[in-house]
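Trainee: Contents of entry_20.txt (compact mmCIF, N, CA and C atoms) are below:
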```txt
# COMPACT_ATOMS: atom_id res chain seq x y z
N MET A 1 46.03 17.20 -18.22
CA MET A 1 46.37 17.11 -16.83
C MET A 1 45.90 18.36 -16.08
N LYS A 2 46.06 19.53 -16.73
CA LYS A 2 45.64 20.77 -16.10
C LYS A 2 44.12 20.79 -15.89
N LYS A 3 43.38 20.22 -16.85
CA LYS A 3 41.92 20.19 -16.73
C LYS A 3 41.50 19.36 -15.53
N VAL A 4 42.20 18.25 -15.30
CA VAL A 4 41.88 17.39 -14.16
C VAL A 4 42.15 18.12 -12.86
N LEU A 5 43.27 18.82 -12.79
CA LEU A 5 43.61 19.59 -11.58
C LEU A 5 42.58 20.69 -11.33
N TRP A 6 42.19 21.41 -12.39
CA TRP A 6 41.20 22.47 -12.24
C TRP A 6 39.84 21.89 -11.80
N ALA A 7 39.47 20.76 -12.37
CA ALA A 7 38.21 20.12 -11.98
C ALA A 7 38.26 19.70 -10.52
N GLY A 8 39.40 19.17 -10.08
CA GLY A 8 39.56 18.77 -8.68
C GLY A 8 39.48 19.97 -7.75
N LEU A 9 40.14 21.06 -8.12
CA LEU A 9 40.09 22.27 -7.30
C LEU A 9 38.67 22.85 -7.24
N PHE A 10 38.00 22.84 -8.37
CA PHE A 10 36.62 23.36 -8.40
C PHE A 10 35.70 22.51 -7.52
N ALA A 11 35.83 21.20 -7.62
CA ALA A 11 35.00 20.30 -6.81
C ALA A 11 35.28 20.50 -5.33
N THR A 12 36.54 20.67 -4.97
CA THR A 12 36.92 20.89 -3.58
C THR A 12 36.34 22.21 -3.09
N ALA A 13 36.37 23.23 -3.91
CA ALA A 13 35.83 24.53 -3.52
C ALA A 13 34.33 24.46 -3.32
N VAL A 14 33.64 23.74 -4.18
CA VAL A 14 32.18 23.62 -4.07
C VAL A 14 31.82 22.87 -2.79
N ILE A 15 32.53 21.79 -2.53
CA ILE A 15 32.25 21.00 -1.33
C ILE A 15 32.58 21.79 -0.08
N ALA A 16 33.66 22.53 -0.10
CA ALA A 16 34.08 23.31 1.06
C ALA A 16 33.11 24.45 1.35
N CYS A 17 32.40 24.92 0.35
CA CYS A 17 31.49 26.05 0.52
C CYS A 17 30.09 25.61 0.95
N LYS A 18 29.94 24.36 1.21
CA LYS A 18 28.61 23.87 1.61
C LYS A 18 28.24 24.48 2.95
N LYS A 19 27.06 25.04 2.99
CA LYS A 19 26.56 25.62 4.23
C LYS A 19 25.37 24.79 4.69
N SER A 20 25.40 24.39 5.92
CA SER A 20 24.27 23.67 6.47
C SER A 20 24.10 24.05 7.92
N GLU A 21 22.90 23.91 8.37
CA GLU A 21 22.56 24.24 9.74
C GLU A 21 22.06 22.97 10.41
N ILE A 22 22.60 22.67 11.57
CA ILE A 22 22.16 21.48 12.31
C ILE A 22 21.54 21.96 13.61
N ARG A 23 20.32 21.47 13.87
CA ARG A 23 19.65 21.82 15.11
C ARG A 23 18.94 20.58 15.65
N THR A 24 18.66 20.59 16.93
CA THR A 24 17.99 19.48 17.57
C THR A 24 16.61 19.92 18.02
N GLU A 25 15.60 19.12 17.66
CA GLU A 25 14.22 19.42 18.05
C GLU A 25 13.73 18.34 19.00
N THR A 26 13.09 18.74 20.08
CA THR A 26 12.53 17.80 21.05
C THR A 26 11.02 17.94 21.02
N THR A 27 10.35 16.82 20.87
CA THR A 27 8.89 16.80 20.83
C THR A 27 8.39 16.00 22.03
N ASP A 28 7.56 16.64 22.86
CA ASP A 28 6.97 15.95 24.02
C ASP A 28 5.63 15.38 23.63
N HIS A 29 5.39 14.13 24.00
CA HIS A 29 4.14 13.46 23.71
C HIS A 29 3.26 13.45 24.96
N GLY A 30 1.98 13.25 24.75
CA GLY A 30 1.01 13.27 25.86
C GLY A 30 1.21 12.14 26.85
N ASP A 31 1.86 11.06 26.45
CA ASP A 31 2.02 9.93 27.36
C ASP A 31 3.29 10.03 28.20
N GLY A 32 3.95 11.16 28.17
CA GLY A 32 5.13 11.37 28.99
C GLY A 32 6.44 11.10 28.28
N THR A 33 6.39 10.59 27.06
CA THR A 33 7.61 10.32 26.33
C THR A 33 7.97 11.53 25.47
N SER A 34 9.20 11.55 25.04
CA SER A 34 9.63 12.63 24.17
C SER A 34 10.51 12.06 23.07
N THR A 35 10.53 12.77 21.95
CA THR A 35 11.33 12.35 20.80
C THR A 35 12.31 13.47 20.48
N VAL A 36 13.58 13.09 20.32
CA VAL A 36 14.61 14.06 19.96
C VAL A 36 15.03 13.78 18.53
N VAL A 37 14.97 14.82 17.69
CA VAL A 37 15.30 14.68 16.28
C VAL A 37 16.37 15.71 15.93
N THR A 38 17.42 15.25 15.24
CA THR A 38 18.45 16.15 14.75
C THR A 38 18.08 16.54 13.33
N VAL A 39 18.02 17.84 13.06
CA VAL A 39 17.59 18.35 11.77
C VAL A 39 18.76 19.07 11.11
N GLU A 40 19.03 18.71 9.85
CA GLU A 40 20.07 19.38 9.09
C GLU A 40 19.43 20.07 7.90
N THR A 41 19.64 21.37 7.78
CA THR A 41 19.11 22.14 6.67
C THR A 41 20.27 22.56 5.78
N ASP A 42 20.18 22.16 4.52
CA ASP A 42 21.21 22.51 3.54
C ASP A 42 20.90 23.91 3.03
N GLN A 43 21.81 24.83 3.24
CA GLN A 43 21.56 26.22 2.87
C GLN A 43 21.58 26.43 1.36
N ARG A 44 22.25 25.53 0.61
CA ARG A 44 22.27 25.70 -0.85
C ARG A 44 20.90 25.40 -1.43
N THR A 45 20.24 24.39 -0.90
CA THR A 45 18.95 23.99 -1.46
C THR A 45 17.78 24.49 -0.64
N GLY A 46 18.01 24.77 0.62
CA GLY A 46 16.93 25.20 1.49
C GLY A 46 16.01 24.06 1.89
N ILE A 47 16.48 22.82 1.74
CA ILE A 47 15.65 21.67 2.09
C ILE A 47 15.82 21.39 3.57
N ASP A 48 14.71 21.32 4.26
CA ASP A 48 14.71 21.04 5.69
C ASP A 48 14.42 19.55 5.87
N SER A 49 15.36 18.85 6.47
CA SER A 49 15.19 17.40 6.61
C SER A 49 14.01 17.06 7.50
N ALA A 50 13.65 17.93 8.45
CA ALA A 50 12.49 17.67 9.30
C ALA A 50 11.22 17.68 8.48
N GLU A 51 11.11 18.62 7.54
CA GLU A 51 9.93 18.68 6.68
C GLU A 51 9.84 17.45 5.79
N VAL A 52 10.98 17.03 5.27
CA VAL A 52 11.00 15.83 4.43
C VAL A 52 10.60 14.62 5.26
N ARG A 53 11.16 14.50 6.46
CA ARG A 53 10.84 13.38 7.33
C ARG A 53 9.35 13.38 7.69
N GLU A 54 8.80 14.55 7.97
CA GLU A 54 7.38 14.66 8.31
C GLU A 54 6.51 14.28 7.11
N SER A 55 6.90 14.71 5.92
CA SER A 55 6.16 14.35 4.71
C SER A 55 6.19 12.85 4.48
N VAL A 56 7.34 12.25 4.72
CA VAL A 56 7.46 10.80 4.56
C VAL A 56 6.56 10.09 5.57
N GLN A 57 6.54 10.55 6.81
CA GLN A 57 5.69 9.94 7.83
C GLN A 57 4.22 10.09 7.48
N ASP A 58 3.83 11.27 6.97
CA ASP A 58 2.44 11.48 6.54
C ASP A 58 2.08 10.54 5.40
N ALA A 59 3.00 10.39 4.45
CA ALA A 59 2.74 9.49 3.32
C ALA A 59 2.60 8.06 3.80
N LYS A 60 3.45 7.64 4.74
CA LYS A 60 3.35 6.28 5.28
C LYS A 60 2.00 6.07 5.97
N ALA A 61 1.56 7.07 6.73
CA ALA A 61 0.28 6.96 7.42
C ALA A 61 -0.86 6.83 6.42
N GLU A 62 -0.82 7.63 5.37
CA GLU A 62 -1.86 7.56 4.34
C GLU A 62 -1.84 6.21 3.63
N LEU A 63 -0.65 5.70 3.35
CA LEU A 63 -0.54 4.39 2.71
C LEU A 63 -1.07 3.29 3.61
N ASN A 64 -0.81 3.40 4.91
CA ASN A 64 -1.34 2.41 5.85
C ASN A 64 -2.86 2.44 5.87
N LYS A 65 -3.44 3.64 5.88
CA LYS A 65 -4.91 3.76 5.85
C LYS A 65 -5.47 3.15 4.57
N ALA A 66 -4.84 3.46 3.45
CA ALA A 66 -5.30 2.93 2.17
C ALA A 66 -5.17 1.40 2.15
N GLY A 67 -4.07 0.89 2.70
CA GLY A 67 -3.88 -0.56 2.77
C GLY A 67 -4.95 -1.23 3.61
N GLU A 68 -5.31 -0.61 4.73
CA GLU A 68 -6.35 -1.17 5.59
C GLU A 68 -7.70 -1.17 4.87
N LYS A 69 -7.99 -0.09 4.15
CA LYS A 69 -9.25 -0.02 3.40
C LYS A 69 -9.28 -1.10 2.32
N LEU A 70 -8.16 -1.30 1.64
CA LEU A 70 -8.09 -2.33 0.60
C LEU A 70 -8.28 -3.72 1.21
N GLU A 71 -7.71 -3.92 2.38
CA GLU A 71 -7.84 -5.22 3.04
C GLU A 71 -9.30 -5.49 3.40
N VAL A 72 -9.99 -4.48 3.94
CA VAL A 72 -11.40 -4.64 4.28
C VAL A 72 -12.22 -4.91 3.02
N ALA A 73 -11.94 -4.17 1.96
CA ALA A 73 -12.67 -4.36 0.70
C ALA A 73 -12.41 -5.76 0.13
N ALA A 74 -11.18 -6.23 0.23
CA ALA A 74 -10.86 -7.56 -0.29
C ALA A 74 -11.58 -8.64 0.52
N GLN A 75 -11.64 -8.47 1.84
CA GLN A 75 -12.34 -9.44 2.67
C GLN A 75 -13.84 -9.45 2.34
N LYS A 76 -14.40 -8.26 2.15
CA LYS A 76 -15.82 -8.17 1.81
C LYS A 76 -16.09 -8.82 0.44
N ALA A 77 -15.22 -8.53 -0.52
CA ALA A 77 -15.39 -9.11 -1.85
C ALA A 77 -15.24 -10.63 -1.79
N GLY A 78 -14.30 -11.10 -0.98
CA GLY A 78 -14.12 -12.54 -0.83
C GLY A 78 -15.35 -13.21 -0.25
N ALA A 79 -15.96 -12.58 0.76
CA ALA A 79 -17.17 -13.13 1.37
C ALA A 79 -18.32 -13.14 0.36
N GLU A 80 -18.44 -12.07 -0.43
CA GLU A 80 -19.50 -12.01 -1.43
C GLU A 80 -19.28 -13.05 -2.52
N LEU A 81 -18.04 -13.25 -2.94
CA LEU A 81 -17.74 -14.27 -3.95
C LEU A 81 -18.02 -15.67 -3.43
N LYS A 82 -17.72 -15.89 -2.17
CA LYS A 82 -17.99 -17.20 -1.57
C LYS A 82 -19.49 -17.47 -1.56
N LYS A 83 -20.26 -16.44 -1.17
CA LYS A 83 -21.72 -16.58 -1.14
C LYS A 83 -22.26 -16.82 -2.55
N ALA A 84 -21.74 -16.08 -3.51
CA ALA A 84 -22.18 -16.26 -4.90
C ALA A 84 -21.83 -17.67 -5.39
N GLY A 85 -20.67 -18.16 -5.03
CA GLY A 85 -20.29 -19.52 -5.41
C GLY A 85 -21.22 -20.55 -4.82
N GLU A 86 -21.62 -20.34 -3.56
CA GLU A 86 -22.56 -21.27 -2.93
C GLU A 86 -23.93 -21.21 -3.62
N ASP A 87 -24.35 -20.00 -3.99
CA ASP A 87 -25.63 -19.85 -4.69
C ASP A 87 -25.59 -20.56 -6.04
N VAL A 88 -24.48 -20.43 -6.76
CA VAL A 88 -24.35 -21.10 -8.06
C VAL A 88 -24.36 -22.61 -7.86
N LYS A 89 -23.68 -23.08 -6.84
CA LYS A 89 -23.63 -24.52 -6.56
C LYS A 89 -25.03 -25.04 -6.25
N ASP A 90 -25.79 -24.31 -5.42
CA ASP A 90 -27.16 -24.71 -5.10
C ASP A 90 -28.04 -24.73 -6.35
N ALA A 91 -27.91 -23.70 -7.18
CA ALA A 91 -28.71 -23.63 -8.40
C ALA A 91 -28.36 -24.78 -9.34
N ALA A 92 -27.09 -25.11 -9.45
CA ALA A 92 -26.67 -26.23 -10.30
C ALA A 92 -27.23 -27.55 -9.77
N ALA A 93 -27.24 -27.69 -8.45
CA ALA A 93 -27.79 -28.93 -7.85
C ALA A 93 -29.28 -29.04 -8.14
N ARG A 94 -30.00 -27.92 -8.02
CA ARG A 94 -31.45 -27.94 -8.31
C ARG A 94 -31.69 -28.25 -9.79
N GLY A 95 -30.87 -27.65 -10.66
CA GLY A 95 -31.01 -27.91 -12.09
C GLY A 95 -30.72 -29.36 -12.43
N ALA A 96 -29.70 -29.92 -11.80
CA ALA A 96 -29.36 -31.33 -12.04
C ALA A 96 -30.48 -32.24 -11.57
N GLU A 97 -31.09 -31.89 -10.46
CA GLU A 97 -32.20 -32.68 -9.93
C GLU A 97 -33.38 -32.66 -10.90
N LYS A 98 -33.66 -31.50 -11.45
CA LYS A 98 -34.76 -31.40 -12.42
C LYS A 98 -34.45 -32.20 -13.69
N VAL A 99 -33.20 -32.18 -14.12
CA VAL A 99 -32.81 -32.95 -15.30
C VAL A 99 -33.00 -34.44 -15.02
N GLU A 100 -32.60 -34.88 -13.84
CA GLU A 100 -32.76 -36.29 -13.47
C GLU A 100 -34.25 -36.68 -13.43
N GLN A 101 -35.08 -35.80 -12.88
CA GLN A 101 -36.52 -36.09 -12.83
C GLN A 101 -37.10 -36.18 -14.24
N GLY A 102 -36.64 -35.27 -15.09
CA GLY A 102 -37.09 -35.30 -16.49
C GLY A 102 -36.65 -36.57 -17.18
N ALA A 103 -35.43 -37.01 -16.91
CA ALA A 103 -34.93 -38.23 -17.52
C ALA A 103 -35.73 -39.44 -17.03
N GLU A 104 -36.07 -39.48 -15.76
CA GLU A 104 -36.87 -40.58 -15.21
C GLU A 104 -38.25 -40.61 -15.85
N LYS A 105 -38.87 -39.45 -16.01
CA LYS A 105 -40.20 -39.38 -16.64
C LYS A 105 -40.11 -39.86 -18.08
N LEU A 106 -39.05 -39.48 -18.76
CA LEU A 106 -38.87 -39.89 -20.14
C LEU A 106 -38.70 -41.40 -20.24
N GLN A 107 -37.95 -41.99 -19.33
CA GLN A 107 -37.77 -43.44 -19.34
C GLN A 107 -39.10 -44.14 -19.07
N GLU A 108 -39.89 -43.61 -18.14
CA GLU A 108 -41.20 -44.20 -17.85
C GLU A 108 -42.11 -44.12 -19.07
N ASP A 109 -42.09 -42.97 -19.74
CA ASP A 109 -42.93 -42.81 -20.95
C ASP A 109 -42.48 -43.76 -22.04
N LEU A 110 -41.18 -43.96 -22.18
CA LEU A 110 -40.68 -44.88 -23.20
C LEU A 110 -41.04 -46.33 -22.88
N LYS A 111 -41.07 -46.67 -21.59
CA LYS A 111 -41.45 -48.03 -21.20
C LYS A 111 -42.92 -48.30 -21.46
N LYS A 112 -43.74 -47.30 -21.34
CA LYS A 112 -45.19 -47.45 -21.56
C LYS A 112 -45.49 -47.67 -23.02
N LYS A 113 -44.69 -47.18 -23.91
CA LYS A 113 -44.99 -47.28 -25.35
C LYS A 113 -44.46 -48.49 -25.89
```
Can the structure from this file be put into structure tokens for me?
Mentor:
Amino acid sequence: MKKVLWAGLFATAVIACKKSEIRTETTDHGDGTSTVVTVETDQRTGIDSAEVRESVQDAKAELNKAGEKLEVAAQKAGAELKKAGEDVKDAAARGAEKVEQGAEKLQEDLKKK
């Protein structure tokens, strides 16, 4: 029981000693709008939530660019595959036509003999 009480007191002391700084940042944009962001910095870790948020936004932007590039590449590959499929279809049709002509010639030769 004493261990539980001591653990509770220790946890309360750690939580109570948390130091953080809260500040508000305003960013003005060129189109006349502004963005207000509340930033909390945890003094124990030194992590700035604005930096984390900015890193996340940068990562999202990079992912969007990569996604757009993949989409363009997929469309290009799809168009090339479609063209290749049409080429194969045309070649197969020409080959089938030649086989039919060969079969007709063979039948004519067999009739002559």
Trainee: Can you check which residues of segment 35-108 of chain A DSSP gives as helix (DSSP H, G or I) on the backbone and send them as a short mmCIF file (atom, residue, chain, number, x, y, z; two decimals) with N, CA and C atoms, keeping the file's coordinate frame?
Mentor:
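Full text of selection_1.cif as output:
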```cif
data_model
loop_
_atom_site.label_atom_id
_atom_site.label_comp_id
_atom_site.auth_asym_id
_atom_site.auth_seq_id
_atom_site.Cartn_x
_atom_site.Cartn_y
_atom_site.Cartn_z
N SER A 49 15.36 18.85 6.47
CA SER A 49 15.19 17.40 6.61
C SER A 49 14.01 17.06 7.50
N ALA A 50 13.65 17.93 8.45
CA ALA A 50 12.49 17.67 9.30
C ALA A 50 11.22 17.68 8.48
N GLU A 51 11.11 18.62 7.54
CA GLU A 51 9.93 18.68 6.68
C GLU A 51 9.84 17.45 5.79
N VAL A 52 10.98 17.03 5.27
CA VAL A 52 11.00 15.83 4.43
C VAL A 52 10.60 14.62 5.26
N ARG A 53 11.16 14.50 6.46
CA ARG A 53 10.84 13.38 7.33
C ARG A 53 9.35 13.38 7.69
N GLU A 54 8.80 14.55 7.97
CA GLU A 54 7.38 14.66 8.31
C GLU A 54 6.51 14.28 7.11
N SER A 55 6.90 14.71 5.92
CA SER A 55 6.16 14.35 4.71
C SER A 55 6.19 12.85 4.48
N VAL A 56 7.34 12.25 4.72
CA VAL A 56 7.46 10.80 4.56
C VAL A 56 6.56 10.09 5.57
N GLN A 57 6.54 10.55 6.81
CA GLN A 57 5.69 9.94 7.83
C GLN A 57 4.22 10.09 7.48
N ASP A 58 3.83 11.27 6.97
CA ASP A 58 2.44 11.48 6.54
C ASP A 58 2.08 10.54 5.40
N ALA A 59 3.00 10.39 4.45
CA ALA A 59 2.74 9.49 3.32
C ALA A 59 2.60 8.06 3.80
N LYS A 60 3.45 7.64 4.74
CA LYS A 60 3.35 6.28 5.28
C LYS A 60 2.00 6.07 5.97
N ALA A 61 1.56 7.07 6.73
CA ALA A 61 0.28 6.96 7.42
C ALA A 61 -0.86 6.83 6.42
N GLU A 62 -0.82 7.63 5.37
CA GLU A 62 -1.86 7.56 4.34
C GLU A 62 -1.84 6.21 3.63
N LEU A 63 -0.65 5.70 3.35
CA LEU A 63 -0.54 4.39 2.71
C LEU A 63 -1.07 3.29 3.61
N ASN A 64 -0.81 3.40 4.91
CA ASN A 64 -1.34 2.41 5.85
C ASN A 64 -2.86 2.44 5.87
N LYS A 65 -3.44 3.64 5.88
CA LYS A 65 -4.91 3.76 5.85
C LYS A 65 -5.47 3.15 4.57
N ALA A 66 -4.84 3.46 3.45
CA ALA A 66 -5.30 2.93 2.17
C ALA A 66 -5.17 1.40 2.15
N GLY A 67 -4.07 0.89 2.70
CA GLY A 67 -3.88 -0.56 2.77
C GLY A 67 -4.95 -1.23 3.61
N GLU A 68 -5.31 -0.61 4.73
CA GLU A 68 -6.35 -1.17 5.59
C GLU A 68 -7.70 -1.17 4.87
N LYS A 69 -7.99 -0.09 4.15
CA LYS A 69 -9.25 -0.02 3.40
C LYS A 69 -9.28 -1.10 2.32
N LEU A 70 -8.16 -1.30 1.64
CA LEU A 70 -8.09 -2.33 0.60
C LEU A 70 -8.28 -3.72 1.21
N GLU A 71 -7.71 -3.92 2.38
CA GLU A 71 -7.84 -5.22 3.04
C GLU A 71 -9.30 -5.49 3.40
N VAL A 72 -9.99 -4.48 3.94
CA VAL A 72 -11.40 -4.64 4.28
C VAL A 72 -12.22 -4.91 3.02
N ALA A 73 -11.94 -4.17 1.96
CA ALA A 73 -12.67 -4.36 0.70
C ALA A 73 -12.41 -5.76 0.13
N ALA A 74 -11.18 -6.23 0.23
CA ALA A 74 -10.86 -7.56 -0.29
C ALA A 74 -11.58 -8.64 0.52
N GLN A 75 -11.64 -8.47 1.84
CA GLN A 75 -12.34 -9.44 2.67
C GLN A 75 -13.84 -9.45 2.34
N LYS A 76 -14.40 -8.26 2.15
CA LYS A 76 -15.82 -8.17 1.81
C LYS A 76 -16.09 -8.82 0.44
N ALA A 77 -15.22 -8.53 -0.52
CA ALA A 77 -15.39 -9.11 -1.85
C ALA A 77 -15.24 -10.63 -1.79
N GLY A 78 -14.30 -11.10 -0.98
CA GLY A 78 -14.12 -12.54 -0.83
C GLY A 78 -15.35 -13.21 -0.25
N ALA A 79 -15.96 -12.58 0.76
CA ALA A 79 -17.17 -13.13 1.37
C ALA A 79 -18.32 -13.14 0.36
N GLU A 80 -18.44 -12.07 -0.43
CA GLU A 80 -19.50 -12.01 -1.43
C GLU A 80 -19.28 -13.05 -2.52
N LEU A 81 -18.04 -13.25 -2.94
CA LEU A 81 -17.74 -14.27 -3.95
C LEU A 81 -18.02 -15.67 -3.43
N LYS A 82 -17.72 -15.89 -2.17
CA LYS A 82 -17.99 -17.20 -1.57
C LYS A 82 -19.49 -17.47 -1.56
N LYS A 83 -20.26 -16.44 -1.17
CA LYS A 83 -21.72 -16.58 -1.14
C LYS A 83 -22.26 -16.82 -2.55
N ALA A 84 -21.74 -16.08 -3.51
CA ALA A 84 -22.18 -16.26 -4.90
C ALA A 84 -21.83 -17.67 -5.39
N GLY A 85 -20.67 -18.16 -5.03
CA GLY A 85 -20.29 -19.52 -5.41
C GLY A 85 -21.22 -20.55 -4.82
N GLU A 86 -21.62 -20.34 -3.56
CA GLU A 86 -22.56 -21.27 -2.93
C GLU A 86 -23.93 -21.21 -3.62
N ASP A 87 -24.35 -20.00 -3.99
CA ASP A 87 -25.63 -19.85 -4.69
C ASP A 87 -25.59 -20.56 -6.04
N VAL A 88 -24.48 -20.43 -6.76
CA VAL A 88 -24.35 -21.10 -8.06
C VAL A 88 -24.36 -22.61 -7.86
N LYS A 89 -23.68 -23.08 -6.84
CA LYS A 89 -23.63 -24.52 -6.56
C LYS A 89 -25.03 -25.04 -6.25
N ASP A 90 -25.79 -24.31 -5.42
CA ASP A 90 -27.16 -24.71 -5.10
C ASP A 90 -28.04 -24.73 -6.35
N ALA A 91 -27.91 -23.70 -7.18
CA ALA A 91 -28.71 -23.63 -8.40
C ALA A 91 -28.36 -24.78 -9.34
N ALA A 92 -27.09 -25.11 -9.45
CA ALA A 92 -26.67 -26.23 -10.30
C ALA A 92 -27.23 -27.55 -9.77
N ALA A 93 -27.24 -27.69 -8.45
CA ALA A 93 -27.79 -28.93 -7.85
C ALA A 93 -29.28 -29.04 -8.14
N ARG A 94 -30.00 -27.92 -8.02
CA ARG A 94 -31.45 -27.94 -8.31
C ARG A 94 -31.69 -28.25 -9.79
N GLY A 95 -30.87 -27.65 -10.66
CA GLY A 95 -31.01 -27.91 -12.09
C GLY A 95 -30.72 -29.36 -12.43
N ALA A 96 -29.70 -29.92 -11.80
CA ALA A 96 -29.36 -31.33 -12.04
C ALA A 96 -30.48 -32.24 -11.57
N GLU A 97 -31.09 -31.89 -10.46
CA GLU A 97 -32.20 -32.68 -9.93
C GLU A 97 -33.38 -32.66 -10.90
N LYS A 98 -33.66 -31.50 -11.45
CA LYS A 98 -34.76 -31.40 -12.42
C LYS A 98 -34.45 -32.20 -13.69
N VAL A 99 -33.20 -32.18 -14.12
CA VAL A 99 -32.81 -32.95 -15.30
C VAL A 99 -33.00 -34.44 -15.02
N GLU A 100 -32.60 -34.88 -13.84
CA GLU A 100 -32.76 -36.29 -13.47
C GLU A 100 -34.25 -36.68 -13.43
N GLN A 101 -35.08 -35.80 -12.88
CA GLN A 101 -36.52 -36.09 -12.83
C GLN A 101 -37.10 -36.18 -14.24
N GLY A 102 -36.64 -35.27 -15.09
CA GLY A 102 -37.09 -35.30 -16.49
C GLY A 102 -36.65 -36.57 -17.18
N ALA A 103 -35.43 -37.01 -16.91
CA ALA A 103 -34.93 -38.23 -17.52
C ALA A 103 -35.73 -39.44 -17.03
N GLU A 104 -36.07 -39.48 -15.76
CA GLU A 104 -36.87 -40.58 -15.21
C GLU A 104 -38.25 -40.61 -15.85
N LYS A 105 -38.87 -39.45 -16.01
CA LYS A 105 -40.20 -39.38 -16.64
C LYS A 105 -40.11 -39.86 -18.08
N LEU A 106 -39.05 -39.48 -18.76
CA LEU A 106 -38.87 -39.89 -20.14
C LEU A 106 -38.70 -41.40 -20.24
N GLN A 107 -37.95 -41.99 -19.33
CA GLN A 107 -37.77 -43.44 -19.34
C GLN A 107 -39.10 -44.14 -19.07
N GLU A 108 -39.89 -43.61 -18.14
CA GLU A 108 -41.20 -44.20 -17.85
C GLU A 108 -42.11 -44.12 -19.07
#
```
Trainee: Could you jot down the atom CA of Gly95 of chain A to atom N of Ala79 of chain A separation for me, Å, one decimal place?
Mentor: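 Rounded to one decimal, the two atoms are 25.0 Å apart.
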Trainee: By how many Å are atom CA of Thr35 of chain A and atom C of Arg23 of chain A apart?
Mentor: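 It comes out at 12.3 Å.
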Trainee: What is the distance between atom CA of Glu54 of chain A and atom CA of Ala66 of chain A, in Å to one decimal?
Mentor: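 Atom CA of Ala66 of chain A lies at a distance of 18.3 Å from atom CA of Glu54 of chain A.
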